[in-house]
file query20.txt (compact mmCIF, C-alpha atoms (C1' of nucleotides))
# COMPACT_ATOMS: atom_id res chain seq x y z
CA MET A 1 239.59 192.34 30.34
CA ASP A 2 242.14 194.78 28.99
CA PRO A 3 241.99 194.02 25.29
CA ASP A 4 245.74 194.63 24.98
CA LYS A 5 246.31 191.64 27.22
CA ASP A 6 243.92 189.25 25.56
CA PHE A 7 246.36 186.72 24.16
CA LEU A 8 243.57 185.05 22.23
CA ALA A 9 242.71 188.21 20.28
CA LEU A 10 243.10 187.53 16.59
CA ASP A 11 244.88 190.82 15.98
CA HIS A 12 247.50 189.96 18.57
CA GLN A 13 248.47 186.72 16.90
CA VAL A 14 251.70 186.74 14.94
CA CYS A 15 250.61 183.44 13.49
CA PHE A 16 247.54 184.95 11.89
CA ALA A 17 249.53 187.80 10.40
CA LEU A 18 251.89 185.23 8.95
CA TYR A 19 249.02 183.15 7.64
CA ALA A 20 247.27 186.12 6.06
CA VAL A 21 250.40 187.61 4.49
CA ASN A 22 251.49 184.26 3.14
CA ARG A 23 248.18 183.82 1.37
CA ALA A 24 248.16 187.40 0.14
CA VAL A 25 251.64 186.99 -1.34
CA THR A 26 250.82 183.76 -3.10
CA ALA A 27 247.68 185.45 -4.42
CA ARG A 28 249.93 188.11 -5.94
CA TYR A 29 252.05 185.44 -7.55
CA ARG A 30 249.09 183.53 -8.92
CA PRO A 31 248.33 185.58 -12.05
CA LEU A 32 252.02 185.87 -12.89
CA LEU A 33 252.59 182.16 -12.49
CA ALA A 34 249.43 181.36 -14.39
CA GLU A 35 251.17 182.65 -17.50
CA LEU A 36 253.73 179.89 -16.99
CA GLU A 37 251.00 177.43 -16.06
CA LEU A 38 252.65 176.91 -12.67
CA THR A 39 251.16 176.89 -9.21
CA TYR A 40 253.13 178.50 -6.44
CA PRO A 41 254.49 175.25 -4.94
CA GLN A 42 255.39 174.11 -8.45
CA TYR A 43 257.27 177.38 -8.93
CA LEU A 44 259.25 176.72 -5.75
CA VAL A 45 260.13 173.28 -7.09
CA MET A 46 261.32 174.84 -10.33
CA LEU A 47 263.48 177.33 -8.42
CA VAL A 48 265.29 174.43 -6.76
CA LEU A 49 265.61 172.42 -9.95
CA TRP A 50 266.91 175.43 -11.91
CA GLU A 51 269.48 176.11 -9.22
CA GLN A 52 270.68 172.52 -9.20
CA ASP A 53 270.66 172.38 -12.97
CA GLN A 54 272.88 175.45 -13.22
CA ALA A 55 275.27 173.81 -10.77
CA GLY A 56 275.37 170.77 -13.03
CA GLN A 57 273.49 168.64 -10.55
CA VAL A 58 270.34 166.57 -10.76
CA CYS A 59 267.93 166.64 -7.84
CA CYS A 60 266.05 163.73 -6.38
CA VAL A 61 262.76 163.76 -4.45
CA SER A 62 264.38 163.66 -1.03
CA ASP A 63 266.72 166.57 -1.89
CA LEU A 64 263.71 168.59 -2.91
CA GLY A 65 261.86 167.59 0.23
CA LYS A 66 264.68 168.73 2.48
CA ARG A 67 265.05 172.01 0.66
CA LEU A 68 261.35 172.90 0.56
CA ARG A 69 260.47 171.08 3.79
CA LEU A 70 257.82 169.01 2.06
CA ASP A 71 257.24 165.26 2.24
CA SER A 72 256.59 162.69 -0.44
CA GLY A 73 252.85 162.84 0.15
CA THR A 74 252.95 166.38 -1.14
CA LEU A 75 255.73 166.06 -3.69
CA THR A 76 254.87 162.81 -5.46
CA PRO A 77 251.56 163.95 -6.99
CA LEU A 78 252.90 167.46 -7.61
CA LEU A 79 255.91 166.08 -9.48
CA LYS A 80 253.70 163.75 -11.50
CA ARG A 81 251.69 166.74 -12.68
CA MET A 82 254.90 168.55 -13.61
CA GLU A 83 256.09 165.47 -15.44
CA ALA A 84 252.77 165.31 -17.30
CA ARG A 85 253.33 168.89 -18.43
CA GLY A 86 256.74 167.96 -19.77
CA LEU A 87 258.79 170.15 -17.42
CA ILE A 88 260.66 167.35 -15.68
CA GLU A 89 261.27 163.63 -15.88
CA ARG A 90 261.05 161.15 -13.04
CA GLN A 91 263.72 158.51 -13.38
CA ARG A 92 264.58 155.72 -11.01
CA SER A 93 268.27 155.95 -10.23
CA LEU A 94 270.26 153.06 -11.65
CA SER A 95 272.70 153.03 -8.76
CA ASP A 96 269.99 153.11 -6.09
CA GLU A 97 266.58 152.10 -7.25
CA ARG A 98 264.85 153.66 -4.24
CA VAL A 99 265.79 157.09 -5.56
CA VAL A 100 263.79 159.03 -8.15
CA THR A 101 265.86 161.69 -9.87
CA LEU A 102 264.24 164.75 -11.40
CA PRO A 103 266.11 165.98 -14.45
CA LEU A 104 264.72 169.04 -16.22
CA THR A 105 263.48 168.62 -19.75
CA ALA A 106 264.44 171.17 -22.39
CA ALA A 107 261.06 172.82 -21.82
CA GLY A 108 261.64 172.93 -18.09
CA ARG A 109 265.04 174.50 -18.56
CA ALA A 110 263.66 176.98 -21.08
CA LEU A 111 260.90 178.08 -18.74
CA ARG A 112 263.50 179.79 -16.57
CA GLU A 113 263.81 182.57 -19.12
CA ARG A 114 260.14 183.42 -18.82
CA ALA A 115 260.35 183.23 -15.03
CA GLN A 116 263.16 185.77 -14.81
CA ALA A 117 260.74 188.68 -14.87
CA ILE A 118 258.53 187.42 -12.06
CA PRO A 119 260.38 188.72 -8.99
CA GLU A 120 260.53 192.21 -10.44
CA GLN A 121 256.93 192.13 -11.65
CA LEU A 122 255.84 191.18 -8.18
CA LEU A 123 257.79 193.98 -6.52
CA CYS A 124 256.92 196.76 -8.91
CA GLY A 125 253.26 196.59 -8.01
CA LEU A 126 253.94 196.94 -4.33
CA ASP A 127 255.60 200.17 -3.22
CA ILE A 128 257.67 198.50 -0.52
CA ALA A 129 261.32 199.35 0.04
CA PRO A 130 263.50 196.39 -0.94
CA GLU A 131 265.49 196.78 2.29
CA ARG A 132 262.35 196.09 4.27
CA LEU A 133 261.88 192.85 2.41
CA THR A 134 265.48 191.85 2.92
CA ALA A 135 265.21 192.57 6.62
CA LEU A 136 261.96 190.63 6.82
CA ARG A 137 263.48 187.71 4.99
CA GLU A 138 266.42 187.55 7.38
CA GLU A 139 264.16 187.81 10.40
CA LEU A 140 262.02 184.99 9.05
CA ARG A 141 265.07 182.84 8.36
CA SER A 142 266.28 183.42 11.88
CA LEU A 143 262.87 182.51 13.24
CA LEU A 144 262.81 179.37 11.14
CA SER A 145 265.98 178.13 12.78
CA CYS A 146 264.38 178.70 16.19
CA LEU A 147 261.31 176.81 15.07
CA ASP A 148 263.46 173.92 13.90
CA GLY A 149 264.59 173.41 17.47
CA PRO A 150 263.08 170.77 19.73
CA ALA A 151 259.42 171.04 20.52
CA PRO A 152 258.50 171.27 24.19
CA SER A 153 258.42 167.80 25.64
CA GLY A 154 255.08 168.05 27.41
CA MET B 3 276.27 185.09 -12.52
CA ASP B 4 276.86 186.69 -9.16
CA PRO B 5 274.75 184.49 -6.93
CA ASP B 6 273.83 187.48 -4.78
CA LYS B 7 272.03 188.92 -7.77
CA ASP B 8 270.14 185.82 -8.80
CA PHE B 9 266.60 186.90 -8.11
CA LEU B 10 265.36 183.37 -8.75
CA ALA B 11 267.52 181.87 -5.99
CA LEU B 12 265.28 180.19 -3.46
CA ASP B 13 267.19 181.62 -0.53
CA HIS B 14 266.62 185.15 -1.80
CA GLN B 15 262.86 184.79 -1.89
CA VAL B 16 260.94 186.46 0.91
CA CYS B 17 257.94 184.50 -0.23
CA PHE B 18 259.63 181.17 0.47
CA ALA B 19 260.73 182.29 3.93
CA LEU B 20 257.14 183.27 4.59
CA TYR B 21 255.83 180.00 3.25
CA ALA B 22 258.29 177.92 5.28
CA VAL B 23 257.81 179.85 8.54
CA ASN B 24 254.05 179.77 8.20
CA ARG B 25 254.09 176.00 7.89
CA ALA B 26 256.61 175.63 10.71
CA VAL B 27 254.45 177.75 13.02
CA THR B 28 251.27 175.85 12.26
CA ALA B 29 253.23 172.64 12.84
CA ARG B 30 254.07 173.96 16.32
CA TYR B 31 250.40 174.66 16.96
CA ARG B 32 249.25 171.28 15.72
CA PRO B 33 249.96 169.14 18.81
CA LEU B 34 248.57 171.83 21.11
CA LEU B 35 245.41 172.22 19.06
CA ALA B 36 245.04 168.46 18.73
CA GLU B 37 244.23 168.38 22.44
CA LEU B 38 241.23 170.59 21.67
CA GLU B 39 240.48 168.59 18.52
CA LEU B 40 240.90 171.73 16.42
CA THR B 41 242.83 172.31 13.24
CA TYR B 42 244.67 175.57 12.86
CA PRO B 43 242.07 177.25 10.60
CA GLN B 44 239.34 176.06 12.94
CA TYR B 45 241.25 177.65 15.81
CA LEU B 46 241.32 180.96 13.94
CA VAL B 47 237.57 180.70 13.44
CA MET B 48 237.10 180.11 17.16
CA LEU B 49 239.26 183.14 17.97
CA VAL B 50 236.89 185.31 15.95
CA LEU B 51 233.74 183.74 17.37
CA TRP B 52 235.02 184.03 20.96
CA GLU B 53 235.82 187.68 20.39
CA GLN B 54 232.41 188.40 18.97
CA ASP B 55 230.71 186.38 21.66
CA GLN B 56 232.43 188.36 24.40
CA ALA B 57 231.26 191.53 22.71
CA GLY B 58 227.74 190.14 22.81
CA GLN B 59 227.62 189.73 19.04
CA VAL B 60 226.88 186.80 16.79
CA CYS B 61 228.97 186.30 13.69
CA CYS B 62 227.78 185.28 10.26
CA VAL B 63 229.73 183.53 7.51
CA SER B 64 230.51 186.70 5.60
CA ASP B 65 231.80 188.46 8.74
CA LEU B 66 234.10 185.54 9.33
CA GLY B 67 235.23 185.57 5.73
CA LYS B 68 236.13 189.24 5.85
CA ARG B 69 238.01 188.86 9.08
CA LEU B 70 239.98 185.76 8.10
CA ARG B 71 240.12 186.58 4.40
CA LEU B 72 238.59 183.26 3.47
CA ASP B 73 235.72 182.56 1.09
CA SER B 74 232.67 180.35 1.43
CA GLY B 75 234.33 177.56 -0.49
CA THR B 76 236.74 177.23 2.42
CA LEU B 77 234.44 178.19 5.26
CA THR B 78 231.26 176.27 4.47
CA PRO B 79 232.72 172.76 4.85
CA LEU B 80 234.96 173.85 7.74
CA LEU B 81 231.97 175.27 9.61
CA LYS B 82 229.94 172.15 8.94
CA ARG B 83 232.67 170.08 10.58
CA MET B 84 232.68 172.43 13.57
CA GLU B 85 228.91 172.20 13.77
CA ALA B 86 229.15 168.41 13.67
CA ARG B 87 231.52 168.59 16.66
CA GLY B 88 229.01 170.66 18.55
CA LEU B 89 231.11 173.81 18.85
CA ILE B 90 228.83 176.09 16.85
CA GLU B 91 225.41 176.16 15.26
CA ARG B 92 224.56 177.29 11.74
CA GLN B 93 221.27 179.14 11.67
CA ARG B 94 219.59 180.90 8.78
CA SER B 95 218.81 184.43 9.85
CA LEU B 96 215.09 185.10 10.14
CA SER B 97 215.41 188.70 9.05
CA ASP B 98 217.57 187.91 6.01
CA GLU B 99 217.42 184.34 4.87
CA ARG B 100 220.60 184.62 2.83
CA VAL B 101 222.60 184.98 6.05
CA VAL B 102 223.84 182.06 8.14
CA THR B 103 224.67 183.08 11.70
CA LEU B 104 227.17 181.15 13.77
CA PRO B 105 226.30 181.20 17.46
CA LEU B 106 228.62 179.34 19.82
CA THR B 107 227.23 176.38 21.70
CA ALA B 108 227.95 176.01 25.39
CA ALA B 109 230.74 173.59 24.46
CA GLY B 110 232.18 176.08 22.00
CA ARG B 111 232.14 178.83 24.60
CA ALA B 112 233.65 176.53 27.21
CA LEU B 113 236.50 175.55 24.93
CA ARG B 114 237.94 179.03 25.34
CA GLU B 115 239.12 178.15 28.84
CA ARG B 116 241.22 175.31 27.53
CA ALA B 117 242.59 177.47 24.71
CA GLN B 118 243.82 180.18 27.07
CA ALA B 119 247.09 178.35 27.67
CA ILE B 120 247.96 177.87 24.02
CA PRO B 121 249.71 181.18 23.21
CA GLU B 122 251.98 180.81 26.20
CA GLN B 123 252.64 177.13 25.57
CA LEU B 124 253.67 177.98 22.05
CA LEU B 125 256.05 180.74 23.11
CA CYS B 126 257.69 178.97 26.01
CA GLY B 127 259.20 176.36 23.74
CA LEU B 128 260.78 178.92 21.48
CA ASP B 129 263.42 181.17 23.08
CA ILE B 130 262.40 184.20 21.06
CA ALA B 131 262.08 187.64 22.61
CA PRO B 132 258.43 188.72 22.65
CA GLU B 133 259.42 192.14 21.32
CA ARG B 134 260.74 190.50 18.17
CA LEU B 135 257.40 188.85 17.63
CA THR B 136 255.52 192.07 18.22
CA ALA B 137 257.76 193.87 15.76
CA LEU B 138 257.34 191.09 13.23
CA ARG B 139 253.57 191.14 13.64
CA GLU B 140 253.42 194.88 13.02
CA GLU B 141 255.68 194.62 10.00
CA LEU B 142 253.48 191.86 8.60
CA ARG B 143 250.34 193.87 9.21
CA SER B 144 251.85 196.83 7.44
CA LEU B 145 252.83 194.60 4.54
CA LEU B 146 249.35 193.18 4.38
CA SER B 147 247.87 196.61 3.83
CA CYS B 148 250.32 197.13 0.96
CA LEU B 149 249.33 193.80 -0.51
CA ASP B 150 245.67 194.74 -0.28
CA GLY B 151 246.32 197.55 -2.70
CA PRO B 152 245.56 197.28 -6.41
CA ALA B 153 247.36 194.64 -8.39
CA PRO B 154 249.40 195.85 -11.34
CA SER B 155 247.10 196.31 -14.28
CA GLY B 156 249.22 194.44 -16.86
C1' DC C 4 274.50 134.66 3.34
C1' DT C 5 270.50 135.89 6.58
C1' DG C 6 267.67 138.58 9.26
C1' DA C 7 266.97 143.12 11.11
C1' DT C 8 266.96 147.81 10.33
C1' DA C 9 266.97 152.01 7.81
C1' DA C 10 266.11 154.89 3.71
C1' DA C 11 263.38 156.53 -0.30
C1' DT C 12 259.22 156.87 -2.40
C1' DA C 13 254.21 155.79 -3.03
C1' DT C 14 249.46 155.46 -1.40
C1' DT C 15 245.34 156.65 1.19
C1' DG C 16 242.55 159.65 3.64
C1' DT C 17 241.40 164.19 5.75
C1' DG C 18 241.29 169.05 5.66
C1' DC C 19 242.17 173.27 3.91
C1' DA C 20 242.41 177.14 -0.16
C1' DC C 21 240.57 178.96 -4.12
C1' DA C 22 238.44 179.43 -8.85
C1' DA C 23 234.17 179.02 -11.05
C1' DT C 24 229.51 178.47 -11.02
C1' DC C 25 224.93 178.41 -9.09
C1' DA C 26 220.69 179.58 -6.56
C1' DA C 27 218.11 182.12 -3.44
C1' DA C 28 217.03 186.29 -1.33
C1' DA C 29 217.24 191.27 -1.00
C1' DC C 30 217.45 195.72 -3.08
C1' DG C 31 217.02 199.63 -6.33
C1' DT C 32 215.00 201.94 -10.20
C1' DG C 33 211.75 203.00 -13.30
C1' DC D 30 204.91 195.97 -9.28
C1' DA D 31 208.66 194.11 -12.52
C1' DC D 32 213.46 193.70 -13.84
C1' DG D 33 218.18 193.90 -13.29
C1' DT D 34 221.81 193.94 -9.87
C1' DT D 35 223.93 192.80 -5.59
C1' DT D 36 224.61 190.03 -1.57
C1' DT D 37 225.11 185.68 0.68
C1' DG D 38 226.07 181.18 0.89
C1' DA D 39 226.52 176.45 -1.25
C1' DT D 40 228.61 173.36 -4.67
C1' DT D 41 232.13 171.34 -7.66
C1' DG D 42 236.65 170.55 -9.02
C1' DT D 43 241.73 171.05 -8.60
C1' DG D 44 245.82 171.28 -5.98
C1' DC D 45 248.38 171.41 -2.06
C1' DA D 46 249.84 169.75 3.10
C1' DC D 47 250.35 166.19 6.19
C1' DA D 48 249.52 161.91 9.04
C1' DA D 49 249.71 157.08 8.67
C1' DT D 50 250.92 153.22 6.33
C1' DA D 51 252.94 150.31 2.76
C1' DT D 52 256.55 148.85 -0.50
C1' DT D 53 260.83 148.43 -2.37
C1' DT D 54 265.64 148.64 -1.99
C1' DA D 55 269.83 149.21 0.50
C1' DT D 56 272.76 148.41 4.46
C1' DC D 57 274.62 146.30 8.40
C1' DA D 58 275.47 142.80 12.17
C1' DG D 59 276.61 138.40 12.89
call {"tool": "encode", "arguments": {"input": "query20.txt", "output": "structure tokens"}}
result
Amino acid sequence: MDPDKDFLALDHQVCFALYAVNRAVTARYRPLLAELELTYPQYLVMLVLWEQDQAGQVCCVSDLGKRLRLDSGTLTPLLKRMEARGLIERQRSLSDERVVTLPLTAAGRALRERAQAIPEQLLCGLDIAPERLTALREELRSLLSCLDGPAPSG
Amino acid sequence: MDPDKDFLALDHQVCFALYAVNRAVTARYRPLLAELELTYPQYLVMLVLWEQDQAGQVCCVSDLGKRLRLDSGTLTPLLKRMEARGLIERQRSLSDERVVTLPLTAAGRALRERAQAIPEQLLCGLDIAPERLTALREELRSLLSCLDGPAPSG
DNA sequence: CTGATAAATATTGTGCACAATCAAAACGTG
DNA sequence: CACGTTTTGATTGTGCACAATATTTATCAG
């Protein structure tokens, strides 16, 4: 078979490229985040909570889940670990006791200062034009909206 | 602060777009692969083994690890599950007893037929021009080679 | 007010990822 | 040959992801 037409060839799979790059990027983050004692998913959670905090808002678990596209099975234990480290609290809402709000502690808010340097630290080791990354990001966001569409029925 | 310059904003992070798209893509694969009783990483392993098999070669664990960029801590239990399902065997090499070779069983080889349809099934639900995916794949591959470079020393 | 339904989170179980460590086998050098 | 190093894979432990299910609370129809 013409190898250029072998749709099962690993090197022809966008999905594998995505999978490999995703892991390579998080591997780049890992040592930087280790200094903050954060894992990569925990860092993403902090990004959301910092954003909401600066807007004067408090996030709850379902807000976080929608934003990061993660469910409670992933978030509940992750948030408990972050609570144990003193970065956040987990408080049942008084107005709706189903809801768990996630206010930042002082330590959690303070950690943002130390995180400020991370995006630049990550980039400066890479020798990639920032415009390429912006273009990639927009392409990925566009793709994500396609992927959100309905799955094929069959 | 100008929100366009907030480097900690989640929506400005390429890494999050990558993370979200990667999970969305594997979620699209999941129901298709479920029919073959494969997980997504197991499917990637089969892609490599099918390729090698068609080239008349037998893969070992370290070959697989280099190709997929996964270590034995990930591969060993995954391969044991695939062996238990009768898709592959795990045989100590006679010439070098450190090496575990991974020949396909007849069932493993036969599964390729049923997998042939998967790439097309995935695409046909998506309404994305194939050229965009090719371009994205090449951009990701280029990025991967940058990421393989040396990490910043500090 | 009551029963049905929906929403928000928690729990359990499986399967990756990856760091760290280990053990066995092979290899290289003196 | 002996000793130190490298290669290969297995093991252990932690932390995501996600399916399936359960639990609690809220909401809504009648």
call {"tool": "closest_atom_pairs", "arguments": {"input": "query20.txt", "of": "chain A", "to": "chain B", "cutoff": "8 Å", "atoms": "all atoms listed in the file", "output": "JSON lines"}}
result
{"residue": "A:Phe7", "atom": "CA", "partner": "B:Pro121", "partner_atom": "CA", "distance": 6.5}
{"residue": "A:Leu8", "atom": "CA", "partner": "B:Leu49", "partner_atom": "CA", "distance": 6.4}
{"residue": "A:Ala9", "atom": "CA", "partner": "B:Leu49", "partner_atom": "CA", "distance": 6.6}
{"residue": "A:Leu10", "atom": "CA", "partner": "B:Leu49", "partner_atom": "CA", "distance": 6.0}
{"residue": "A:His12", "atom": "CA", "partner": "B:Arg139", "partner_atom": "CA", "distance": 7.9}
{"residue": "A:Gln13", "atom": "CA", "partner": "B:Arg139", "partner_atom": "CA", "distance": 7.5}
{"residue": "A:Val14", "atom": "CA", "partner": "B:Arg139", "partner_atom": "CA", "distance": 5.0}
{"residue": "A:Cys15", "atom": "CA", "partner": "B:Val27", "partner_atom": "CA", "distance": 6.9}
{"residue": "A:Phe16", "atom": "CA", "partner": "B:Leu46", "partner_atom": "CA", "distance": 7.7}
{"residue": "A:Ala17", "atom": "CA", "partner": "B:Leu142", "partner_atom": "CA", "distance": 5.9}
{"residue": "A:Leu18", "atom": "CA", "partner": "B:Asn24", "partner_atom": "CA", "distance": 5.9}
{"residue": "A:Tyr19", "atom": "CA", "partner": "B:Asn24", "partner_atom": "CA", "distance": 6.1}
{"residue": "A:Ala20", "atom": "CA", "partner": "B:Arg71", "partner_atom": "CA", "distance": 7.4}
{"residue": "A:Val21", "atom": "CA", "partner": "B:Leu146", "partner_atom": "CA", "distance": 5.7}
{"residue": "A:Asn22", "atom": "CA", "partner": "B:Leu20", "partner_atom": "CA", "distance": 5.9}
{"residue": "A:Ala24", "atom": "CA", "partner": "B:Leu149", "partner_atom": "CA", "distance": 6.5}
{"residue": "A:Val25", "atom": "CA", "partner": "B:Cys17", "partner_atom": "CA", "distance": 6.9}
{"residue": "A:Thr26", "atom": "CA", "partner": "B:Cys17", "partner_atom": "CA", "distance": 7.7}
{"residue": "A:Arg28", "atom": "CA", "partner": "B:Ala153", "partner_atom": "CA", "distance": 7.4}
{"residue": "A:Leu44", "atom": "CA", "partner": "B:Leu12", "partner_atom": "CA", "distance": 7.3}
{"residue": "A:Leu47", "atom": "CA", "partner": "B:Leu12", "partner_atom": "CA", "distance": 6.0}
{"residue": "A:Val48", "atom": "CA", "partner": "B:Leu12", "partner_atom": "CA", "distance": 6.6}
{"residue": "A:Glu51", "atom": "CA", "partner": "B:Ala11", "partner_atom": "CA", "distance": 6.9}
{"residue": "A:Leu68", "atom": "CA", "partner": "B:Ala22", "partner_atom": "CA", "distance": 7.5}
{"residue": "A:Arg69", "atom": "CA", "partner": "B:Ala22", "partner_atom": "CA", "distance": 7.3}
{"residue": "A:Gln116", "atom": "CA", "partner": "B:Leu10", "partner_atom": "CA", "distance": 6.9}
{"residue": "A:Pro119", "atom": "CA", "partner": "B:Phe9", "partner_atom": "CA", "distance": 6.5}
{"residue": "A:Cys124", "atom": "CA", "partner": "B:Pro154", "partner_atom": "CA", "distance": 8.0}
{"residue": "A:Gly125", "atom": "CA", "partner": "B:Pro154", "partner_atom": "CA", "distance": 5.2}
{"residue": "A:Leu126", "atom": "CA", "partner": "B:Cys148", "partner_atom": "CA", "distance": 6.4}
{"residue": "A:Asp127", "atom": "CA", "partner": "B:Cys148", "partner_atom": "CA", "distance": 7.4}
{"residue": "A:Ile128", "atom": "CA", "partner": "B:Cys148", "partner_atom": "CA", "distance": 7.6}
{"residue": "A:Leu133", "atom": "CA", "partner": "B:Val16", "partner_atom": "CA", "distance": 6.6}
{"residue": "A:Thr134", "atom": "CA", "partner": "B:Val16", "partner_atom": "CA", "distance": 7.3}
{"residue": "A:Leu136", "atom": "CA", "partner": "B:Val16", "partner_atom": "CA", "distance": 7.3}
{"residue": "A:Arg137", "atom": "CA", "partner": "B:Val16", "partner_atom": "CA", "distance": 5.0}
{"residue": "A:Leu140", "atom": "CA", "partner": "B:Ala19", "partner_atom": "CA", "distance": 5.9}
{"residue": "A:Arg141", "atom": "CA", "partner": "B:Ala19", "partner_atom": "CA", "distance": 6.2}
{"residue": "A:Leu143", "atom": "CA", "partner": "B:Val23", "partner_atom": "CA", "distance": 7.4}
{"residue": "A:Leu144", "atom": "CA", "partner": "B:Val23", "partner_atom": "CA", "distance": 5.7}
{"residue": "A:Cys146", "atom": "CA", "partner": "B:Leu128", "partner_atom": "CA", "distance": 6.4}
{"residue": "A:Leu147", "atom": "CA", "partner": "B:Ala26", "partner_atom": "CA", "distance": 6.5}
{"residue": "A:Asp148", "atom": "CA", "partner": "B:Ala26", "partner_atom": "CA", "distance": 7.7}
{"residue": "A:Gly149", "atom": "CA", "partner": "B:Leu128", "partner_atom": "CA", "distance": 7.8}
{"residue": "A:Pro150", "atom": "CA", "partner": "B:Gly127", "partner_atom": "CA", "distance": 7.9}
{"residue": "A:Ala151", "atom": "CA", "partner": "B:Gly127", "partner_atom": "CA", "distance": 6.2}
{"residue": "A:Pro152", "atom": "CA", "partner": "B:Gly127", "partner_atom": "CA", "distance": 5.2}
call {"tool": "atom_distance", "arguments": {"input": "query20.txt", "atom1": "atom CA of Leu51 of chain B", "atom2": "atom CA of Gln93 of chain B"}}
result
14.5 Å
call {"tool": "residues_near_point", "arguments": {"input": "query20.txt", "point": "(219.2, 182.1, -4.5)", "cutoff": "12 Å", "atoms": "all atoms listed in the file", "output": "CSV table (one decimal) with C-alpha atoms (C1' of nucleotides), in the frame of the given file"}}
result
chain,number,residue,atom,x,y,z
B,99,GLU,CA,217.4,184.3,4.9
B,100,ARG,CA,220.6,184.6,2.8
B,101,VAL,CA,222.6,185.0,6.0
C,25,DC,C1',224.9,178.4,-9.1
C,26,DA,C1',220.7,179.6,-6.6
C,27,DA,C1',218.1,182.1,-3.4
C,28,DA,C1',217.0,186.3,-1.3
C,29,DA,C1',217.2,191.3,-1.0
D,35,DT,C1',223.9,192.8,-5.6
D,36,DT,C1',224.6,190.0,-1.6
D,37,DT,C1',225.1,185.7,0.7
D,38,DG,C1',226.1,181.2,0.9
D,39,DA,C1',226.5,176.4,-1.2
call {"tool": "interface_residues", "arguments": {"input": "query20.txt", "of": "chain A", "to": "chain D", "cutoff": "12 Å", "atoms": "all atoms listed in the file", "output": "ChimeraX atom specification"}}
result
/A:38-42,69-79,81,92-99
call {"tool": "write_last_selection", "arguments": {"input": "query20.txt", "atoms": "C-alpha atoms", "output": "PDB file, keeping the file's coordinate frame"}}
result
ATOM      1  CA  LEU A  38     252.650 176.910 -12.670  1.00  0.00           C
ATOM      2  CA  THR A  39     251.160 176.890  -9.210  1.00  0.00           C
ATOM      3  CA  TYR A  40     253.130 178.500  -6.440  1.00  0.00           C
ATOM      4  CA  PRO A  41     254.490 175.250  -4.940  1.00  0.00           C
ATOM      5  CA  GLN A  42     255.390 174.110  -8.450  1.00  0.00           C
ATOM      6  CA  ARG A  69     260.470 171.080   3.790  1.00  0.00           C
ATOM      7  CA  LEU A  70     257.820 169.010   2.060  1.00  0.00           C
ATOM      8  CA  ASP A  71     257.240 165.260   2.240  1.00  0.00           C
ATOM      9  CA  SER A  72     256.590 162.690  -0.440  1.00  0.00           C
ATOM     10  CA  GLY A  73     252.850 162.840   0.150  1.00  0.00           C
ATOM     11  CA  THR A  74     252.950 166.380  -1.140  1.00  0.00           C
ATOM     12  CA  LEU A  75     255.730 166.060  -3.690  1.00  0.00           C
ATOM     13  CA  THR A  76     254.870 162.810  -5.460  1.00  0.00           C
ATOM     14  CA  PRO A  77     251.560 163.950  -6.990  1.00  0.00           C
ATOM     15  CA  LEU A  78     252.900 167.460  -7.610  1.00  0.00           C
ATOM     16  CA  LEU A  79     255.910 166.080  -9.480  1.00  0.00           C
ATOM     17  CA  ARG A  81     251.690 166.740 -12.680  1.00  0.00           C
ATOM     18  CA  ARG A  92     264.580 155.720 -11.010  1.00  0.00           C
ATOM     19  CA  SER A  93     268.270 155.950 -10.230  1.00  0.00           C
ATOM     20  CA  LEU A  94     270.260 153.060 -11.650  1.00  0.00           C
ATOM     21  CA  SER A  95     272.700 153.030  -8.760  1.00  0.00           C
ATOM     22  CA  ASP A  96     269.990 153.110  -6.090  1.00  0.00           C
ATOM     23  CA  GLU A  97     266.580 152.100  -7.250  1.00  0.00           C
ATOM     24  CA  ARG A  98     264.850 153.660  -4.240  1.00  0.00           C
ATOM     25  CA  VAL A  99     265.790 157.090  -5.560  1.00  0.00           C
TER      26      VAL A  99
END
call {"tool": "interface_residues", "arguments": {"input": "query20.txt", "of": "chain C", "to": "chain A", "cutoff": "10 Å", "atoms": "only C-alpha atoms (C1' of nucleotides)", "output": "VMD selection string"}}
result
chain C and resid 10 to 15 20 to 21
call {"tool": "write_last_selection", "arguments": {"input": "query20.txt", "atoms": "C-alpha atoms (C1' of nucleotides)", "output": "PDB file, in the frame of the given file"}}
result
ATOM      1  C1'  DA C  10     266.110 154.890   3.710  1.00  0.00           C
ATOM      2  C1'  DA C  11     263.380 156.530  -0.300  1.00  0.00           C
ATOM      3  C1'  DT C  12     259.220 156.870  -2.400  1.00  0.00           C
ATOM      4  C1'  DA C  13     254.210 155.790  -3.030  1.00  0.00           C
ATOM      5  C1'  DT C  14     249.460 155.460  -1.400  1.00  0.00           C
ATOM      6  C1'  DT C  15     245.340 156.650   1.190  1.00  0.00           C
ATOM      7  C1'  DA C  20     242.410 177.140  -0.160  1.00  0.00           C
ATOM      8  C1'  DC C  21     240.570 178.960  -4.120  1.00  0.00           C
TER       9       DC C  21
END
call {"tool": "atom_distance", "arguments": {"input": "query20.txt", "atom1": "atom CA of Lys82 of chain B", "atom2": "atom C1' of DC30 of chain C"}}
result
29.3 Å
call {"tool": "atom_distance", "arguments": {"input": "query20.txt", "atom1": "atom CA of Ala108 of chain B", "atom2": "atom CA of Ile90 of chain B"}}
result
8.6 Å
call {"tool": "closest_residue", "arguments": {"input": "query20.txt", "among": "B:Glu133, B:Arg92, B:Met84, B:Gln59", "to": "Ala109 of chain B", "atoms": "only C-alpha atoms"}}
result
B:Met84
